[in-house]
$ cat data_24.txt   # compact mmCIF, C-alpha atoms and all ligand atoms
# COMPACT_ATOMS: atom_id res chain seq x y z
CA ARG A 1 66.01 -77.88 -76.38
CA LYS A 2 63.34 -80.29 -75.38
CA ARG A 3 63.53 -81.57 -71.83
CA PHE A 4 64.43 -85.12 -72.84
CA GLU A 5 67.37 -83.87 -74.91
CA VAL A 6 69.19 -82.29 -71.97
CA ASP A 7 72.25 -84.07 -70.62
CA ARG A 8 71.01 -85.31 -67.26
CA GLN A 9 74.10 -86.17 -65.26
CA ARG A 10 75.34 -87.27 -61.84
CA THR A 11 78.26 -85.90 -59.86
CA PHE A 12 79.94 -86.70 -56.56
CA ALA A 13 79.94 -83.87 -54.01
CA MET A 14 81.31 -83.87 -50.50
CA ILE A 15 80.92 -81.50 -47.56
CA LYS A 16 84.33 -81.34 -45.87
CA PRO A 17 85.18 -81.21 -42.13
CA ASP A 18 85.19 -77.41 -41.94
CA ALA A 19 81.63 -77.14 -43.27
CA TYR A 20 79.51 -80.11 -42.21
CA ARG A 21 77.99 -78.05 -39.39
CA ASN A 22 76.51 -75.93 -42.21
CA ILE A 23 74.91 -78.99 -43.83
CA GLY A 24 71.41 -77.47 -43.62
CA LYS A 25 72.35 -74.28 -45.44
CA ILE A 26 74.39 -76.18 -48.03
CA ILE A 27 71.54 -78.62 -48.74
CA ASP A 28 69.13 -75.68 -49.03
CA ALA A 29 71.48 -74.13 -51.60
CA ILE A 30 71.80 -77.45 -53.46
CA TYR A 31 68.02 -77.74 -53.95
CA ALA A 32 67.55 -74.01 -54.60
CA ASN A 33 69.99 -74.24 -57.50
CA GLY A 34 68.39 -77.08 -59.40
CA PHE A 35 70.26 -80.10 -58.07
CA ARG A 36 68.61 -83.12 -56.51
CA ILE A 37 70.29 -85.43 -54.01
CA SER A 38 70.11 -89.08 -55.00
CA LYS A 39 72.46 -90.50 -52.33
CA LEU A 40 73.94 -89.15 -49.10
CA LYS A 41 76.28 -90.71 -46.53
CA MET A 42 78.22 -89.28 -43.62
CA SER A 43 81.52 -90.96 -42.77
CA LYS A 44 85.06 -90.19 -41.64
CA PHE A 45 88.33 -90.64 -43.54
CA ASN A 46 91.36 -92.32 -42.02
CA ALA A 47 94.94 -92.29 -43.39
CA ASP A 48 94.29 -95.32 -45.58
CA SER A 49 91.01 -94.22 -47.17
CA SER A 50 92.23 -90.63 -47.68
CA ASN A 51 95.27 -92.01 -49.54
CA ASP A 52 92.89 -93.86 -51.83
CA PHE A 53 90.34 -91.11 -52.36
CA TYR A 54 92.95 -88.36 -52.91
CA GLY A 55 95.50 -90.68 -54.55
CA GLU A 56 96.00 -88.31 -57.49
CA HIS A 57 97.49 -85.72 -55.11
CA LYS A 58 99.96 -88.02 -53.31
CA GLY A 59 103.46 -86.51 -53.44
CA LYS A 60 102.24 -82.96 -54.01
CA PRO A 61 103.46 -80.37 -51.47
CA PHE A 62 99.95 -79.74 -50.13
CA PHE A 63 99.10 -83.43 -49.63
CA PRO A 64 100.07 -83.74 -45.92
CA THR A 65 97.99 -80.66 -45.07
CA LEU A 66 95.08 -81.94 -47.15
CA GLN A 67 95.30 -85.35 -45.47
CA SER A 68 95.36 -84.03 -41.92
CA PHE A 69 92.43 -81.73 -42.72
CA ILE A 70 90.27 -84.32 -44.47
CA THR A 71 90.78 -86.90 -41.68
CA SER A 72 90.17 -84.34 -38.90
CA ASP A 73 86.41 -84.76 -38.63
CA VAL A 74 83.38 -86.16 -40.43
CA VAL A 75 82.46 -85.50 -44.07
CA VAL A 76 79.21 -85.92 -46.00
CA GLY A 77 79.37 -87.52 -49.46
CA MET A 78 76.49 -86.97 -51.87
CA GLU A 79 75.52 -88.06 -55.34
CA LEU A 80 73.85 -85.06 -57.02
CA VAL A 81 71.69 -85.11 -60.14
CA ALA A 82 71.22 -82.16 -62.50
CA ASP A 83 71.60 -81.16 -66.11
CA ASN A 84 75.37 -81.09 -66.71
CA ALA A 85 75.84 -81.79 -63.01
CA ILE A 86 79.64 -82.13 -63.06
CA ASP A 87 80.38 -78.69 -64.55
CA LYS A 88 77.36 -77.10 -62.91
CA TRP A 89 78.50 -78.16 -59.42
CA ARG A 90 82.12 -77.07 -60.03
CA GLN A 91 80.82 -73.67 -61.14
CA PHE A 92 78.54 -73.46 -58.13
CA ILE A 93 81.25 -74.25 -55.55
CA GLY A 94 83.74 -71.74 -56.98
CA PRO A 95 87.55 -71.71 -57.12
CA THR A 96 89.66 -74.08 -54.96
CA ASN A 97 91.09 -71.29 -52.80
CA THR A 98 88.51 -69.70 -50.51
CA GLN A 99 90.10 -66.23 -50.73
CA LYS A 100 89.94 -66.38 -54.52
CA ALA A 101 86.35 -67.64 -54.30
CA LYS A 102 85.43 -64.64 -52.14
CA GLN A 103 86.94 -62.29 -54.73
CA ASP A 104 85.86 -63.94 -57.98
CA ALA A 105 82.68 -65.85 -57.03
CA PRO A 106 81.19 -64.22 -53.91
CA GLY A 107 77.96 -66.23 -54.00
CA SER A 108 79.70 -69.59 -54.34
CA ILE A 109 79.61 -72.33 -51.69
CA ARG A 110 83.35 -72.01 -51.03
CA ALA A 111 83.09 -68.22 -50.67
CA LEU A 112 80.22 -68.60 -48.22
CA PHE A 113 81.41 -71.59 -46.17
CA GLY A 114 85.13 -72.13 -46.84
CA THR A 115 88.03 -71.10 -44.64
CA ASP A 116 91.31 -70.94 -46.63
CA GLY A 117 93.30 -72.67 -49.39
CA THR A 118 92.98 -76.13 -47.85
CA GLN A 119 89.76 -75.89 -45.88
CA ASN A 120 87.37 -75.06 -48.69
CA ALA A 121 84.03 -76.49 -47.53
CA VAL A 122 83.20 -78.83 -50.40
CA HIS A 123 84.52 -81.17 -53.07
CA GLY A 124 83.26 -81.79 -56.58
CA SER A 125 84.24 -84.37 -59.19
CA ASP A 126 86.30 -82.82 -61.98
CA SER A 127 85.29 -85.28 -64.74
CA CYS A 128 83.01 -88.17 -65.59
CA ILE A 129 85.80 -90.65 -64.80
CA SER A 130 86.40 -89.04 -61.38
CA MET A 131 82.66 -89.03 -60.69
CA LYS A 132 82.40 -92.77 -61.34
CA ARG A 133 85.45 -93.57 -59.24
CA GLU A 134 84.43 -91.33 -56.33
CA THR A 135 80.77 -92.38 -56.29
CA GLY A 136 81.84 -96.02 -56.48
CA TYR A 137 84.29 -95.51 -53.66
CA TRP A 138 81.86 -93.74 -51.36
CA PHE A 139 78.69 -95.72 -52.00
CA GLY A 140 79.90 -98.88 -53.67
CA GLY A 141 81.68 -102.02 -52.75
CA ASP A 142 85.26 -100.84 -52.15
CA ALA A 143 86.55 -102.78 -49.13
CA LYS A 144 88.43 -99.84 -47.61
CA ALA A 145 85.42 -97.58 -47.98
CA ARG A 146 83.26 -100.25 -46.34
CA ALA A 147 85.74 -100.31 -43.46
CA MET A 148 85.31 -96.57 -42.87
CA LYS A 149 83.25 -95.50 -39.91
CA THR A 150 79.51 -95.58 -40.32
CA THR A 151 77.35 -92.82 -38.90
CA ALA A 152 76.56 -94.84 -35.80
CA GLN A 153 80.28 -95.16 -35.00
CA LEU A 154 81.30 -91.58 -35.67
CA ASN A 155 81.15 -90.36 -32.09
CA ASN A 156 82.85 -93.43 -30.62
P1 LIG B 1 88.29 -80.86 -54.78
O1 LIG B 1 89.02 -81.97 -55.47
O2 LIG B 1 88.28 -81.00 -53.28
O3 LIG B 1 86.93 -80.62 -55.34
O4 LIG B 1 89.10 -79.49 -55.04
P2 LIG B 1 89.69 -78.96 -56.42
O5 LIG B 1 89.45 -79.93 -57.53
O6 LIG B 1 89.19 -77.57 -56.59
O7 LIG B 1 91.24 -78.89 -56.06
P3 LIG B 1 92.35 -80.06 -56.20
O8 LIG B 1 93.47 -79.49 -56.97
O9 LIG B 1 91.74 -81.34 -56.66
O10 LIG B 1 92.84 -80.21 -54.70
C1 LIG B 1 92.18 -81.06 -53.81
C2 LIG B 1 92.09 -80.39 -52.46
O11 LIG B 1 93.39 -80.27 -51.88
C3 LIG B 1 93.45 -79.07 -51.11
N1 LIG B 1 94.46 -78.18 -51.70
N2 LIG B 1 95.23 -77.42 -50.98
N3 LIG B 1 97.06 -75.45 -50.12
C4 LIG B 1 97.00 -75.78 -51.41
O12 LIG B 1 97.77 -75.29 -52.22
C5 LIG B 1 95.99 -76.75 -51.82
N4 LIG B 1 95.74 -77.08 -53.06
C6 LIG B 1 94.74 -78.00 -52.98
C7 LIG B 1 92.09 -78.42 -51.17
O13 LIG B 1 91.32 -78.91 -50.07
C8 LIG B 1 91.56 -78.96 -52.47
O14 LIG B 1 90.15 -78.89 -52.53
MG MG B 2 89.93 -82.03 -57.36
$ encode --input "data_24.txt" --output "structure tokens"
Amino acid sequence: RKRFEVDRQRTFAMIKPDAYRNIGKIIDAIYANGFRISKLKMSKFNADSSNDFYGEHKGKPFFPTLQSFITSDVVVGMELVADNAIDKWRQFIGPTNTQKAKQDAPGSIRALFGTDGTQNAVHGSDSCISMKRETGYWFGGDAKARAMKTTAQLNN
């Protein structure tokens, strides 16, 4: 296919609290695998904003564990651009569970930088609708997202 016919797409990616210290390696891997970073912002979830961002999982048995993990330290949200970015990024990060990622996708980001079933290094939008919601939440005008800590406040 000609270059201009390819489906250039955006996705929302996030480096989670267990992996932000590996931000350099993860960003190297992002560029080495054909993604570009169009936006990037470090922040920190609180109970309120994590309820909003992970609202689809409220009530599930793993939600309390997910919430305490995701609010435990800073995260780095990114808008990535690539051909078929949404599927490409999900493929690249590997299965949700880090142990499964190590078995089935040993070169994946979760295999390399994840910890367990909850602490799995990175997030990726699972659809175009999720991408728009998550990118809008992280970078856009949502009042609760605006109230989240900015980088300058993170260590205070
Ligand atoms: P993500 O949304 O973070 O990209 O992950 P995902 O689509 O692969 O998985 P999802 O089902 O959306 O779950 C969101 C996050 O919740 C935590 N989780 N823990 N212990 C468990 O059984 C369990 N299941 C999910 C993980 O942090 C997962 O990424
Ligand atoms: Mg998900």
$ closest_atom_pairs --input "data_24.txt" --of "chain A" --to "ligand MG 2 (chain B)" --cutoff "9 Å" --atoms "all atoms listed in the file" --output "tab-separated table"
residue	atom	partner	partner_atom	distance
A:Tyr54	CA	B:MG2	MG	8.3
A:Glu56	CA	B:MG2	MG	8.7
A:His57	CA	B:MG2	MG	8.7
A:Thr96	CA	B:MG2	MG	8.3
A:His123	CA	B:MG2	MG	7.0
A:Gly124	CA	B:MG2	MG	6.7
A:Ser125	CA	B:MG2	MG	6.4
A:Asp126	CA	B:MG2	MG	5.9
A:Ser130	CA	B:MG2	MG	8.8
$ closest_residue --input "data_24.txt" --among "A:Lys132, A:Ala121, A:Met148, A:Trp138" --to "Asn22 in chain A" --atoms "all atoms listed in the file"
A:Ala121
$ closest_residue --input "data_24.txt" --among "A:Lys41, A:Arg8, A:Arg110, A:Arg36" --to "ligand LIG 1 (chain B)" --atoms "all atoms listed in the file"
A:Arg110
$ atom_distance --input "data_24.txt" --atom1 "CA of Lys88 in chain A" --atom2 "CA of Val74 in chain A"
25.0 Å
$ residues_near_ligand --input "data_24.txt" --ligand "ligand LIG 1 (chain B)" --cutoff "9 Å" --atoms "all atoms listed in the file" --output "PyMOL selection string"
chain A and resi 13-14+16+54+56-57+60-63+65-67+69-70+90+93-97+116-126
$ write_last_selection --input "data_24.txt" --atoms "C-alpha atoms" --output "JSON list (two decimals), keeping the file's coordinate frame"
[["chain", "number", "residue", "atom", "x", "y", "z"],
["A", 13, "ALA", "CA", 79.94, -83.87, -54.01],
["A", 14, "MET", "CA", 81.31, -83.87, -50.50],
["A", 16, "LYS", "CA", 84.33, -81.34, -45.87],
["A", 54, "TYR", "CA", 92.95, -88.36, -52.91],
["A", 56, "GLU", "CA", 96.00, -88.31, -57.49],
["A", 57, "HIS", "CA", 97.49, -85.72, -55.11],
["A", 60, "LYS", "CA", 102.24, -82.96, -54.01],
["A", 61, "PRO", "CA", 103.46, -80.37, -51.47],
["A", 62, "PHE", "CA", 99.95, -79.74, -50.13],
["A", 63, "PHE", "CA", 99.10, -83.43, -49.63],
["A", 65, "THR", "CA", 97.99, -80.66, -45.07],
["A", 66, "LEU", "CA", 95.08, -81.94, -47.15],
["A", 67, "GLN", "CA", 95.30, -85.35, -45.47],
["A", 69, "PHE", "CA", 92.43, -81.73, -42.72],
["A", 70, "ILE", "CA", 90.27, -84.32, -44.47],
["A", 90, "ARG", "CA", 82.12, -77.07, -60.03],
["A", 93, "ILE", "CA", 81.25, -74.25, -55.55],
["A", 94, "GLY", "CA", 83.74, -71.74, -56.98],
["A", 95, "PRO", "CA", 87.55, -71.71, -57.12],
["A", 96, "THR", "CA", 89.66, -74.08, -54.96],
["A", 97, "ASN", "CA", 91.09, -71.29, -52.80],
["A", 116, "ASP", "CA", 91.31, -70.94, -46.63],
["A", 117, "GLY", "CA", 93.30, -72.67, -49.39],
["A", 118, "THR", "CA", 92.98, -76.13, -47.85],
["A", 119, "GLN", "CA", 89.76, -75.89, -45.88],
["A", 120, "ASN", "CA", 87.37, -75.06, -48.69],
["A", 121, "ALA", "CA", 84.03, -76.49, -47.53],
["A", 122, "VAL", "CA", 83.20, -78.83, -50.40],
["A", 123, "HIS", "CA", 84.52, -81.17, -53.07],
["A", 124, "GLY", "CA", 83.26, -81.79, -56.58],
["A", 125, "SER", "CA", 84.24, -84.37, -59.19],
["A", 126, "ASP", "CA", 86.30, -82.82, -61.98]]
$ atom_distance --input "data_24.txt" --atom1 "CA of Thr98 in chain A" --atom2 "CA of Val75 in chain A"
18.1 Å
$ atom_distance --input "data_24.txt" --atom1 "CA of Asp7 in chain A" --atom2 "CA of Leu80 in chain A"
13.7 Å
$ closest_residue --input "data_24.txt" --among "A:Lys25, A:Cys128, A:Ser68, A:Ser38" --to "Ser50 in chain A" --atoms "all atoms listed in the file"
A:Ser68
$ closest_residue --input "data_24.txt" --among "A:Ser108, A:Phe53, A:Gly77, A:Pro64" --to "Trp89 in chain A" --atoms "all atoms listed in the file"
A:Ser108
$ closest_residue --input "data_24.txt" --among "A:Asn33, A:Thr11, A:Thr71, A:Arg21" --to "Gly107 in chain A" --atoms "all atoms listed in the file"
A:Asn33
$ build_atoms --input "data_24.txt" --residues "range 107-126 of chain A" --atoms "N, CA and C atoms" --output "compact mmCIF listing (two decimals), keeping the file's coordinate frame"
# COMPACT_ATOMS: atom_id res chain seq x y z
N GLY A 107 79.13 -65.46 -54.41
CA GLY A 107 77.96 -66.23 -54.00
C GLY A 107 78.20 -67.72 -53.94
N SER A 108 79.42 -68.15 -54.25
CA SER A 108 79.70 -69.59 -54.34
C SER A 108 79.75 -70.24 -52.95
N ILE A 109 79.60 -71.57 -52.95
CA ILE A 109 79.61 -72.33 -51.69
C ILE A 109 80.93 -72.14 -50.95
N ARG A 110 82.05 -72.17 -51.70
CA ARG A 110 83.35 -72.01 -51.03
C ARG A 110 83.51 -70.59 -50.47
N ALA A 111 83.02 -69.59 -51.19
CA ALA A 111 83.09 -68.22 -50.67
C ALA A 111 82.28 -68.10 -49.39
N LEU A 112 81.12 -68.75 -49.36
CA LEU A 112 80.22 -68.60 -48.22
C LEU A 112 80.65 -69.45 -47.02
N PHE A 113 81.19 -70.66 -47.27
CA PHE A 113 81.41 -71.59 -46.17
C PHE A 113 82.85 -72.06 -46.01
N GLY A 114 83.74 -71.70 -46.92
CA GLY A 114 85.13 -72.13 -46.84
C GLY A 114 85.93 -71.30 -45.86
N THR A 115 87.17 -71.73 -45.63
CA THR A 115 88.03 -71.10 -44.64
C THR A 115 89.30 -70.53 -45.27
N ASP A 116 90.03 -71.37 -46.03
CA ASP A 116 91.31 -70.94 -46.63
C ASP A 116 91.63 -71.79 -47.86
N GLY A 117 92.91 -71.94 -48.18
CA GLY A 117 93.30 -72.67 -49.39
C GLY A 117 93.11 -74.17 -49.29
N THR A 118 93.18 -74.69 -48.08
CA THR A 118 92.98 -76.13 -47.85
C THR A 118 91.56 -76.43 -47.41
N GLN A 119 91.09 -75.67 -46.45
CA GLN A 119 89.76 -75.89 -45.88
C GLN A 119 88.76 -75.09 -46.71
N ASN A 120 88.19 -75.79 -47.71
CA ASN A 120 87.37 -75.06 -48.69
C ASN A 120 85.95 -75.64 -48.81
N ALA A 121 85.45 -76.17 -47.71
CA ALA A 121 84.03 -76.49 -47.53
C ALA A 121 83.49 -77.68 -48.30
N VAL A 122 83.81 -77.78 -49.58
CA VAL A 122 83.20 -78.83 -50.40
C VAL A 122 84.14 -79.35 -51.48
N HIS A 123 83.83 -80.54 -51.94
CA HIS A 123 84.52 -81.17 -53.07
C HIS A 123 83.54 -81.35 -54.21
N GLY A 124 84.06 -81.41 -55.43
CA GLY A 124 83.26 -81.79 -56.58
C GLY A 124 84.09 -82.54 -57.59
N SER A 125 83.53 -83.61 -58.16
CA SER A 125 84.24 -84.37 -59.19
C SER A 125 84.64 -83.45 -60.34
N ASP A 126 85.83 -83.68 -60.90
CA ASP A 126 86.30 -82.82 -61.98
C ASP A 126 86.08 -83.42 -63.37
